[in-house]
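Trainee: You'll find my_file-v2.csv just under this line, and it carries CSV, C-alpha atoms.
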chain,number,residue,atom,x,y,z
I,74,MET,CA,0.0,0.0,0.0
I,75,VAL,CA,1.3,3.4,-0.9
I,76,ILE,CA,0.8,6.0,1.9
I,77,LEU,CA,1.6,9.2,0.1
I,78,THR,CA,-1.0,10.6,-2.3
I,79,GLN,CA,-0.8,13.4,-4.8
I,80,ASP,CA,-2.8,15.4,-2.2
I,81,THR,CA,-0.3,15.0,0.6
I,82,LYS,CA,0.7,18.4,1.9
I,83,GLU,CA,4.1,19.9,2.9
I,84,GLY,CA,4.8,19.3,6.5
I,85,ALA,CA,3.1,15.9,6.7
I,86,GLU,CA,5.1,13.7,9.0
I,87,PHE,CA,5.6,9.9,8.9
I,88,SER,CA,7.2,7.5,11.2
I,89,GLY,CA,8.3,3.9,10.7
I,90,ARG,CA,8.2,1.1,13.2
I,91,PRO,CA,10.7,1.4,16.1
I,92,LYS,CA,13.3,-1.3,16.0
I,93,VAL,CA,15.7,-2.5,18.6
I,94,VAL,CA,19.1,-3.2,17.1
I,95,SER,CA,19.7,-6.3,19.1
I,96,GLU,CA,22.9,-8.3,19.3
I,97,GLY,CA,21.4,-11.1,17.2
I,98,ARG,CA,20.3,-8.8,14.5
I,99,VAL,CA,23.7,-7.0,14.4
I,100,TYR,CA,25.3,-10.5,14.0
I,101,ALA,CA,22.9,-11.3,11.3
I,102,PHE,CA,23.5,-8.1,9.4
I,103,SER,CA,27.3,-7.6,9.9
I,104,GLY,CA,28.6,-11.1,10.8
I,105,GLY,CA,28.7,-12.5,7.3
I,106,CYS,CA,26.6,-15.4,5.9
I,107,PHE,CA,25.2,-17.8,8.5
I,108,SER,CA,26.6,-20.7,6.6
I,109,GLU,CA,30.2,-19.4,6.7
I,110,LEU,CA,32.7,-21.1,8.9
I,111,GLY,CA,33.6,-19.0,12.0
I,112,TRP,CA,30.3,-17.0,11.9
I,113,PRO,CA,29.9,-14.4,13.1
I,114,LYS,CA,32.9,-12.7,11.5
I,115,LYS,CA,34.8,-10.4,14.0
I,116,ASN,CA,34.7,-6.7,13.0
I,117,VAL,CA,33.9,-3.3,14.6
I,118,HIS,CA,30.2,-4.2,14.6
I,119,THR,CA,30.2,-7.6,16.1
I,120,ASP,CA,33.3,-7.8,18.5
I,121,LEU,CA,34.1,-5.4,21.4
I,122,GLU,CA,37.8,-6.3,21.4
I,123,PHE,CA,38.1,-5.8,17.7
I,124,ALA,CA,36.4,-2.4,18.0
I,125,LYS,CA,38.7,-1.3,20.8
I,126,ASN,CA,41.8,-2.4,18.8
I,127,CYS,CA,40.6,0.0,16.1
I,128,GLY,CA,40.4,2.9,18.5
I,129,LEU,CA,36.6,2.8,19.1
I,130,PRO,CA,35.2,2.9,22.7
I,131,THR,CA,32.7,0.2,21.9
I,132,ARG,CA,31.0,-1.7,19.0
I,133,VAL,CA,29.1,0.4,16.5
I,134,VAL,CA,26.1,-0.7,14.5
I,135,SER,CA,26.7,-0.5,10.7
I,136,ALA,CA,25.0,2.6,9.3
I,137,THR,CA,23.8,0.5,6.4
I,138,GLN,CA,21.6,-1.4,8.9
I,139,TYR,CA,19.5,1.6,9.7
I,140,MET,CA,19.7,2.9,6.1
I,141,GLY,CA,17.7,-0.3,5.6
I,142,TYR,CA,15.1,1.0,8.1
I,143,LEU,CA,14.8,4.2,6.1
I,144,VAL,CA,14.5,2.4,2.8
I,145,GLU,CA,11.6,0.4,4.3
I,146,LEU,CA,9.9,3.6,5.3
I,147,MET,CA,10.4,5.0,1.7
I,148,LEU,CA,8.9,1.8,0.2
I,149,HIS,CA,6.0,2.1,2.6
I,150,LEU,CA,5.4,5.8,1.6
I,151,PHE,CA,6.0,5.5,-2.2
I,152,GLY,CA,5.6,1.8,-3.0
I,153,GLU,CA,8.0,-0.6,-4.7
I,154,SER,CA,8.6,1.8,-7.7
I,155,TRP,CA,10.7,3.8,-5.3
I,156,LEU,CA,13.5,1.3,-6.1
I,157,ASN,CA,13.6,2.6,-9.6
I,158,HIS,CA,15.8,5.7,-9.8
I,159,GLU,CA,15.2,7.3,-6.4
I,160,LYS,CA,17.7,8.7,-4.0
I,161,LEU,CA,18.5,8.6,-0.3
I,162,ASN,CA,21.2,10.9,1.0
I,163,LEU,CA,22.4,10.7,4.6
I,164,LYS,CA,24.9,11.9,7.1
I,165,PHE,CA,25.6,9.7,10.1
I,166,ILE,CA,25.9,12.2,13.0
I,167,ALA,CA,26.1,9.9,16.0
I,168,PRO,CA,27.1,6.3,16.7
I,169,VAL,CA,24.5,3.7,17.3
I,170,ASP,CA,25.1,1.2,20.1
I,171,VAL,CA,24.0,-2.4,20.1
I,172,GLY,CA,20.6,-2.5,21.9
I,173,ASP,CA,19.5,1.0,20.8
I,174,ARG,CA,16.0,1.4,19.6
I,175,LEU,CA,15.8,3.3,16.4
I,176,THR,CA,12.8,4.9,14.6
I,177,PRO,CA,13.0,6.0,11.0
I,178,LYS,CA,11.0,9.3,10.3
I,179,ALA,CA,10.2,11.6,7.4
I,180,VAL,CA,8.6,14.9,6.7
I,181,VAL,CA,7.5,16.4,3.4
I,182,ARG,CA,9.7,19.4,2.8
I,183,SER,CA,8.4,20.3,-0.7
I,184,ARG,CA,6.5,19.0,-3.7
I,185,GLU,CA,6.4,19.8,-7.4
I,186,ILE,CA,4.3,18.6,-10.3
I,187,GLU,CA,6.2,16.4,-12.8
I,188,GLY,CA,3.9,15.6,-15.7
I,189,CYS,CA,1.0,13.6,-14.3
I,190,CYS,CA,2.8,12.9,-11.1
I,191,VAL,CA,3.9,14.7,-7.9
I,192,LYS,CA,7.6,14.7,-6.9
I,193,PHE,CA,8.0,14.8,-3.2
I,194,HIS,CA,11.2,15.9,-1.4
I,195,LEU,CA,11.5,14.7,2.1
I,196,ASP,CA,13.7,15.4,5.1
I,197,VAL,CA,14.4,12.0,6.7
I,198,TRP,CA,16.2,10.9,9.8
I,199,CYS,CA,16.6,8.1,12.3
I,200,GLU,CA,16.3,8.8,16.0
I,201,ASN,CA,17.2,6.7,19.0
I,202,GLN,CA,15.3,5.9,22.2
I,203,HIS,CA,16.5,9.2,23.7
I,204,GLY,CA,15.0,11.2,20.8
I,205,SER,CA,18.5,12.0,19.5
I,206,LYS,CA,19.0,11.9,15.7
I,207,VAL,CA,21.7,9.5,14.6
I,208,ALA,CA,21.3,9.9,10.8
I,209,ILE,CA,19.8,12.9,8.9
I,210,GLY,CA,19.3,13.6,5.3
I,211,THR,CA,16.9,13.8,2.3
I,212,ALA,CA,15.0,11.5,0.0
I,213,SER,CA,12.8,12.0,-3.0
I,214,GLY,CA,10.1,10.0,-4.7
I,215,LEU,CA,7.3,10.2,-7.2
I,216,VAL,CA,3.6,9.6,-6.7
V,116,MET,CA,38.7,-15.2,-6.9
V,117,ALA,CA,39.9,-13.2,-3.9
V,118,SER,CA,43.6,-12.6,-3.6
V,119,THR,CA,45.3,-14.2,-0.7
V,120,GLN,CA,48.2,-11.7,-0.6
V,121,ARG,CA,47.9,-8.4,1.4
V,122,PRO,CA,47.4,-5.5,-0.9
V,123,THR,CA,50.4,-3.3,-1.5
V,124,LYS,CA,48.5,-0.1,-0.4
V,125,SER,CA,46.1,0.3,2.5
V,126,VAL,CA,42.8,1.9,1.6
V,127,ASP,CA,43.8,5.2,3.2
V,128,GLN,CA,46.8,5.4,0.9
V,129,LEU,CA,44.7,5.1,-2.3
V,130,GLU,CA,44.6,8.2,-4.5
V,131,ILE,CA,41.8,9.7,-6.4
V,132,GLY,CA,41.0,7.6,-9.5
V,133,GLU,CA,42.3,4.3,-8.0
V,134,GLN,CA,40.0,1.4,-7.7
V,135,LEU,CA,39.5,-1.4,-5.2
V,136,GLU,CA,39.3,-5.0,-6.5
V,137,PRO,CA,35.7,-5.9,-7.4
V,138,PHE,CA,33.6,-8.2,-5.3
V,139,GLU,CA,31.0,-10.7,-6.5
V,140,PHE,CA,28.3,-12.5,-4.5
V,141,VAL,CA,25.1,-14.5,-5.1
V,142,VAL,CA,22.0,-13.8,-3.1
V,143,THR,CA,20.2,-17.1,-2.2
V,144,PRO,CA,16.8,-17.1,-0.7
V,145,GLU,CA,18.4,-18.0,2.7
V,146,TYR,CA,20.9,-15.2,2.5
V,147,ASN,CA,18.1,-12.7,1.7
V,148,GLN,CA,16.1,-14.0,4.6
V,149,GLN,CA,19.1,-13.6,6.9
V,150,TYR,CA,18.9,-9.9,6.2
V,151,LEU,CA,15.1,-9.8,6.6
V,152,TYR,CA,15.7,-11.0,10.1
V,153,ALA,CA,18.5,-8.5,10.6
V,154,VAL,CA,16.3,-5.5,9.7
V,155,GLU,CA,12.9,-7.0,10.8
V,156,ASP,CA,11.3,-6.5,7.5
V,157,TYR,CA,9.4,-9.5,6.2
V,158,HIS,CA,7.4,-7.9,3.4
V,159,PRO,CA,6.2,-10.4,0.9
V,160,ARG,CA,8.1,-8.7,-1.9
V,161,TYR,CA,11.3,-10.2,-0.4
V,162,LEU,CA,9.8,-13.7,-0.1
V,163,GLN,CA,7.5,-14.3,-3.0
V,164,GLU,CA,7.9,-14.5,-6.8
V,165,THR,CA,5.7,-12.3,-8.9
V,166,GLU,CA,5.0,-12.0,-12.6
V,167,LEU,CA,8.0,-9.6,-12.6
V,168,GLY,CA,10.4,-12.4,-11.4
V,169,PRO,CA,11.9,-13.8,-8.3
V,170,PRO,CA,11.6,-12.0,-4.9
V,171,ILE,CA,13.4,-8.7,-4.5
V,172,VAL,CA,16.8,-8.6,-2.6
V,173,HIS,CA,16.4,-6.5,0.5
V,174,PRO,CA,18.1,-3.2,-0.2
V,175,GLY,CA,19.8,-3.4,3.2
V,176,LEU,CA,21.7,-6.5,1.9
V,177,LEU,CA,22.8,-4.7,-1.2
V,178,LEU,CA,23.9,-1.7,0.9
V,179,ASN,CA,25.9,-3.8,3.3
V,180,GLN,CA,27.5,-6.0,0.6
V,181,SER,CA,28.5,-3.0,-1.3
V,182,ASN,CA,30.5,-1.4,1.6
V,183,SER,CA,34.1,-1.1,0.4
V,184,THR,CA,35.2,-3.4,3.3
V,185,ARG,CA,33.9,-6.2,1.1
V,186,SER,CA,36.6,-5.7,-1.5
V,187,PRO,CA,39.3,-8.4,-1.6
V,188,SER,CA,41.8,-5.6,-1.8
V,189,TYR,CA,40.4,-3.6,1.2
V,190,TYR,CA,43.1,-3.4,3.8
V,191,LEU,CA,43.8,-1.1,6.8
V,192,PRO,CA,46.8,-1.5,9.1
V,193,PRO,CA,46.1,-2.7,12.7
V,194,GLY,CA,44.7,0.0,15.0
V,195,ILE,CA,42.9,1.9,12.3
V,196,SER,CA,39.3,1.7,11.3
V,197,SER,CA,37.1,3.4,8.8
V,198,LEU,CA,33.9,5.1,9.9
V,199,HIS,CA,30.9,5.6,7.7
V,200,ALA,CA,30.2,9.3,7.7
V,201,GLY,CA,27.6,9.7,5.0
V,202,ASP,CA,26.1,8.1,1.9
V,203,GLU,CA,24.3,9.2,-1.2
V,204,ALA,CA,22.5,6.2,-2.6
V,205,GLU,CA,20.6,5.9,-5.8
V,206,PHE,CA,18.4,2.9,-6.2
V,207,ILE,CA,18.2,2.2,-9.9
V,208,ASN,CA,16.5,-1.2,-10.2
V,209,PRO,CA,15.5,-3.8,-7.7
V,210,GLY,CA,17.9,-6.7,-7.4
V,211,ARG,CA,16.4,-10.2,-7.7
V,212,VAL,CA,17.1,-13.2,-5.5
V,213,GLY,CA,19.1,-15.9,-7.3
V,214,LYS,CA,21.2,-13.4,-9.2
V,215,LYS,CA,25.0,-12.9,-9.0
V,216,PHE,CA,26.0,-9.3,-8.2
V,217,ARG,CA,29.3,-7.5,-8.9
V,218,VAL,CA,30.4,-4.5,-6.9
V,219,THR,CA,33.1,-2.0,-8.1
V,220,TRP,CA,34.6,0.9,-6.2
V,221,LYS,CA,36.6,3.9,-7.2
V,222,ILE,CA,38.1,6.7,-5.0
V,223,VAL,CA,36.7,10.0,-6.3
V,224,ASP,CA,37.7,12.5,-3.7
V,225,LYS,CA,39.8,13.0,-0.6
V,226,TYR,CA,39.7,16.0,1.7
V,227,GLU,CA,40.3,17.2,5.2
V,228,LYS,CA,37.6,18.7,7.4
V,229,ARG,CA,37.9,19.8,11.0
V,230,GLY,CA,41.2,17.9,11.3
V,231,ARG,CA,39.9,14.6,9.9
V,232,GLN,CA,40.7,13.0,6.6
V,233,TYR,CA,37.7,12.0,4.5
V,234,ARG,CA,37.6,9.6,1.5
V,235,VAL,CA,34.7,9.5,-1.0
V,236,THR,CA,34.2,6.2,-2.8
V,237,GLU,CA,31.9,5.8,-5.8
V,238,THR,CA,30.2,2.4,-5.8
V,239,LEU,CA,28.3,0.6,-8.5
V,240,VAL,CA,26.4,-2.7,-8.1
V,241,VAL,CA,25.3,-4.5,-11.3
V,242,ASP,CA,23.7,-7.9,-11.6
V,243,GLU,CA,24.9,-10.8,-13.8
V,244,ASP,CA,22.9,-9.4,-16.8
V,245,GLY,CA,24.7,-6.1,-16.5
V,246,MET,CA,21.6,-4.3,-15.1
V,247,GLU,CA,22.6,-1.4,-12.8
V,248,ILE,CA,21.0,-1.9,-9.4
V,249,LEU,CA,22.6,0.6,-7.0
V,250,ARG,CA,25.0,3.5,-7.2
V,251,ARG,CA,26.5,5.0,-4.1
V,252,LYS,CA,28.8,7.8,-3.0
V,253,ASN,CA,30.2,6.7,0.3
V,254,PHE,CA,31.9,9.2,2.7
V,255,SER,CA,34.2,7.7,5.3
V,256,THR,CA,36.7,8.8,7.8
V,257,LEU,CA,39.3,7.0,9.9
V,258,THR,CA,39.7,6.3,13.6
V,259,VAL,CA,43.1,5.5,15.0
V,260,LYS,CA,43.8,3.7,18.2
V,261,ARG,CA,45.8,5.9,20.7
V,262,GLY,CA,48.7,4.7,22.7
What is this file in structure tokens?
Mentor:
Amino acid sequence: MVILTQDTKEGAEFSGRPKVVSEGRVYAFSGGCFSELGWPKKNVHTDLEFAKNCGLPTRVVSATQYMGYLVELMLHLFGESWLNHEKLNLKFIAPVDVGDRLTPKAVVRSREIEGCCVKFHLDVWCENQHGSKVAIGTASGLV
Amino acid sequence: MASTQRPTKSVDQLEIGEQLEPFEFVVTPEYNQQYLYAVEDYHPRYLQETELGPPIVHPGLLLNQSNSTRSPSYYLPPGISSLHAGDEAEFINPGRVGKKFRVTWKIVDKYEKRGRQYRVTETLVVDEDGMEILRRKNFSTLTVKRG
């Protein structure tokens, strides 16, 4: 189901489902394929010692994991056609710890007529359980 | 096939225009479902065939597999890590489960900002039929272990 319609106004806000980035889900995302020997692979996302040896105070969740949350929100808003020539631009402004609860959000910043469609420009972000933004950026899509 | 020798240059020494060794991977239904679990997104589009073809590969999988750390020639010396600072992703076509994907990377910019070195890497994911799936500009910086 596509949520945005051609009548959706500037300022309309949307929120995805909050998700806890649990240890198991971090291993599944960043630990390599389940069937590989030695799974989960040690890296800055999955292994505290590894992270500390790289100068990090703790493990950090891969930003591509919560980029995935924002993509899910975009597909919810625009439908599957969003995967055809649409953009998501992000800055990662704060680290995400294993166990954090993240919520992807979007607000319509502007809209313009493109032929028989409306092109929407959104401000998008992910915020954690404290209400702090960890990723901010923009996305666009056609309805 | 991945090289077993350590690359002659670490990724922070690569200059603008230089490329990392490409990476290829196949997305099986099981591998796709591993990512569905990881991002808690079990939409039927990722599980069921349609008249358009096999299920869609979760975009989170393609984003993760196209990180430059996947390149067989990606190397950083001990005590150094790369942090993902930003990303400009263009989703061009959905990837399909069962396909083989090829990822290529090219360094397109290097700069310093607030005392930190940044590297910009252009990434392209194509499928086995040559169809462009995902283009990214990835911004990364380095962390160094002190002491």
Trainee: Find the residues of chain V in contact range of chain I, meaning any atom within 10 Å when counting all atoms listed in the file, and list them as a ChimeraX atom specification.
Mentor: /V:145-156,158,160,171,173-182,191-210,248-254,257-262
Trainee: Emit the selected residues as a PDB file, in the frame of the given file, including C-alpha atoms.
Mentor:
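Result file follows (part-v1.pdb):
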ATOM      1  CA  GLU V 145      18.400 -18.000   2.700  1.00  0.00           C
ATOM      2  CA  TYR V 146      20.900 -15.200   2.500  1.00  0.00           C
ATOM      3  CA  ASN V 147      18.100 -12.700   1.700  1.00  0.00           C
ATOM      4  CA  GLN V 148      16.100 -14.000   4.600  1.00  0.00           C
ATOM      5  CA  GLN V 149      19.100 -13.600   6.900  1.00  0.00           C
ATOM      6  CA  TYR V 150      18.900  -9.900   6.200  1.00  0.00           C
ATOM      7  CA  LEU V 151      15.100  -9.800   6.600  1.00  0.00           C
ATOM      8  CA  TYR V 152      15.700 -11.000  10.100  1.00  0.00           C
ATOM      9  CA  ALA V 153      18.500  -8.500  10.600  1.00  0.00           C
ATOM     10  CA  VAL V 154      16.300  -5.500   9.700  1.00  0.00           C
ATOM     11  CA  GLU V 155      12.900  -7.000  10.800  1.00  0.00           C
ATOM     12  CA  ASP V 156      11.300  -6.500   7.500  1.00  0.00           C
ATOM     13  CA  HIS V 158       7.400  -7.900   3.400  1.00  0.00           C
ATOM     14  CA  ARG V 160       8.100  -8.700  -1.900  1.00  0.00           C
ATOM     15  CA  ILE V 171      13.400  -8.700  -4.500  1.00  0.00           C
ATOM     16  CA  HIS V 173      16.400  -6.500   0.500  1.00  0.00           C
ATOM     17  CA  PRO V 174      18.100  -3.200  -0.200  1.00  0.00           C
ATOM     18  CA  GLY V 175      19.800  -3.400   3.200  1.00  0.00           C
ATOM     19  CA  LEU V 176      21.700  -6.500   1.900  1.00  0.00           C
ATOM     20  CA  LEU V 177      22.800  -4.700  -1.200  1.00  0.00           C
ATOM     21  CA  LEU V 178      23.900  -1.700   0.900  1.00  0.00           C
ATOM     22  CA  ASN V 179      25.900  -3.800   3.300  1.00  0.00           C
ATOM     23  CA  GLN V 180      27.500  -6.000   0.600  1.00  0.00           C
ATOM     24  CA  SER V 181      28.500  -3.000  -1.300  1.00  0.00           C
ATOM     25  CA  ASN V 182      30.500  -1.400   1.600  1.00  0.00           C
ATOM     26  CA  LEU V 191      43.800  -1.100   6.800  1.00  0.00           C
ATOM     27  CA  PRO V 192      46.800  -1.500   9.100  1.00  0.00           C
ATOM     28  CA  PRO V 193      46.100  -2.700  12.700  1.00  0.00           C
ATOM     29  CA  GLY V 194      44.700   0.000  15.000  1.00  0.00           C
ATOM     30  CA  ILE V 195      42.900   1.900  12.300  1.00  0.00           C
ATOM     31  CA  SER V 196      39.300   1.700  11.300  1.00  0.00           C
ATOM     32  CA  SER V 197      37.100   3.400   8.800  1.00  0.00           C
ATOM     33  CA  LEU V 198      33.900   5.100   9.900  1.00  0.00           C
ATOM     34  CA  HIS V 199      30.900   5.600   7.700  1.00  0.00           C
ATOM     35  CA  ALA V 200      30.200   9.300   7.700  1.00  0.00           C
ATOM     36  CA  GLY V 201      27.600   9.700   5.000  1.00  0.00           C
ATOM     37  CA  ASP V 202      26.100   8.100   1.900  1.00  0.00           C
ATOM     38  CA  GLU V 203      24.300   9.200  -1.200  1.00  0.00           C
ATOM     39  CA  ALA V 204      22.500   6.200  -2.600  1.00  0.00           C
ATOM     40  CA  GLU V 205      20.600   5.900  -5.800  1.00  0.00           C
ATOM     41  CA  PHE V 206      18.400   2.900  -6.200  1.00  0.00           C
ATOM     42  CA  ILE V 207      18.200   2.200  -9.900  1.00  0.00           C
ATOM     43  CA  ASN V 208      16.500  -1.200 -10.200  1.00  0.00           C
ATOM     44  CA  PRO V 209      15.500  -3.800  -7.700  1.00  0.00           C
ATOM     45  CA  GLY V 210      17.900  -6.700  -7.400  1.00  0.00           C
ATOM     46  CA  ILE V 248      21.000  -1.900  -9.400  1.00  0.00           C
ATOM     47  CA  LEU V 249      22.600   0.600  -7.000  1.00  0.00           C
ATOM     48  CA  ARG V 250      25.000   3.500  -7.200  1.00  0.00           C
ATOM     49  CA  ARG V 251      26.500   5.000  -4.100  1.00  0.00           C
ATOM     50  CA  LYS V 252      28.800   7.800  -3.000  1.00  0.00           C
ATOM     51  CA  ASN V 253      30.200   6.700   0.300  1.00  0.00           C
ATOM     52  CA  PHE V 254      31.900   9.200   2.700  1.00  0.00           C
ATOM     53  CA  LEU V 257      39.300   7.000   9.900  1.00  0.00           C
ATOM     54  CA  THR V 258      39.700   6.300  13.600  1.00  0.00           C
ATOM     55  CA  VAL V 259      43.100   5.500  15.000  1.00  0.00           C
ATOM     56  CA  LYS V 260      43.800   3.700  18.200  1.00  0.00           C
ATOM     57  CA  ARG V 261      45.800   5.900  20.700  1.00  0.00           C
ATOM     58  CA  GLY V 262      48.700   4.700  22.700  1.00  0.00           C
TER      59      GLY V 262
END
Trainee: Around the point (5.4, 3.0, -7.5) (coordinates from the file), which residues reach within 12 Å if we count all atoms listed in the file? Answer as JSON, numbers by chain.
Mentor: {"I": [74, 75, 76, 77, 78, 147, 148, 149, 150, 151, 152, 153, 154, 155, 156, 157, 158, 159, 190, 191, 192, 214, 215, 216]}
Trainee: What does the distance from atom CA of Gln79 of chain I to atom CA of Leu146 of chain I come to in Å, to one decimal?
Mentor: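 Taking atom CA of Gln79 of chain I and atom CA of Leu146 of chain I, their separation equals 17.7 Å.
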Trainee: V:Pro137, V:Gly132, V:Pro170, V:Pro122: which is nearest Arg217 of chain V, counting only C-alpha atoms?
Mentor: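 Residue with the minimum atom-to-atom distance to Arg217 of chain V: V:Pro137.
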Trainee: Find the residues near Glu200 of chain I: any atom within 10 Å, counting only C-alpha atoms, skip ones fewer than 5 places away on the same chain, and give them as a list in words.
Mentor: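 The residues that qualify are Pro91, Ala167, Val169, Asp173, Arg174, Leu175, Thr176, Pro177, Lys178, Ser205, Lys206, Val207, Ala208 and Ile209 of chain I.
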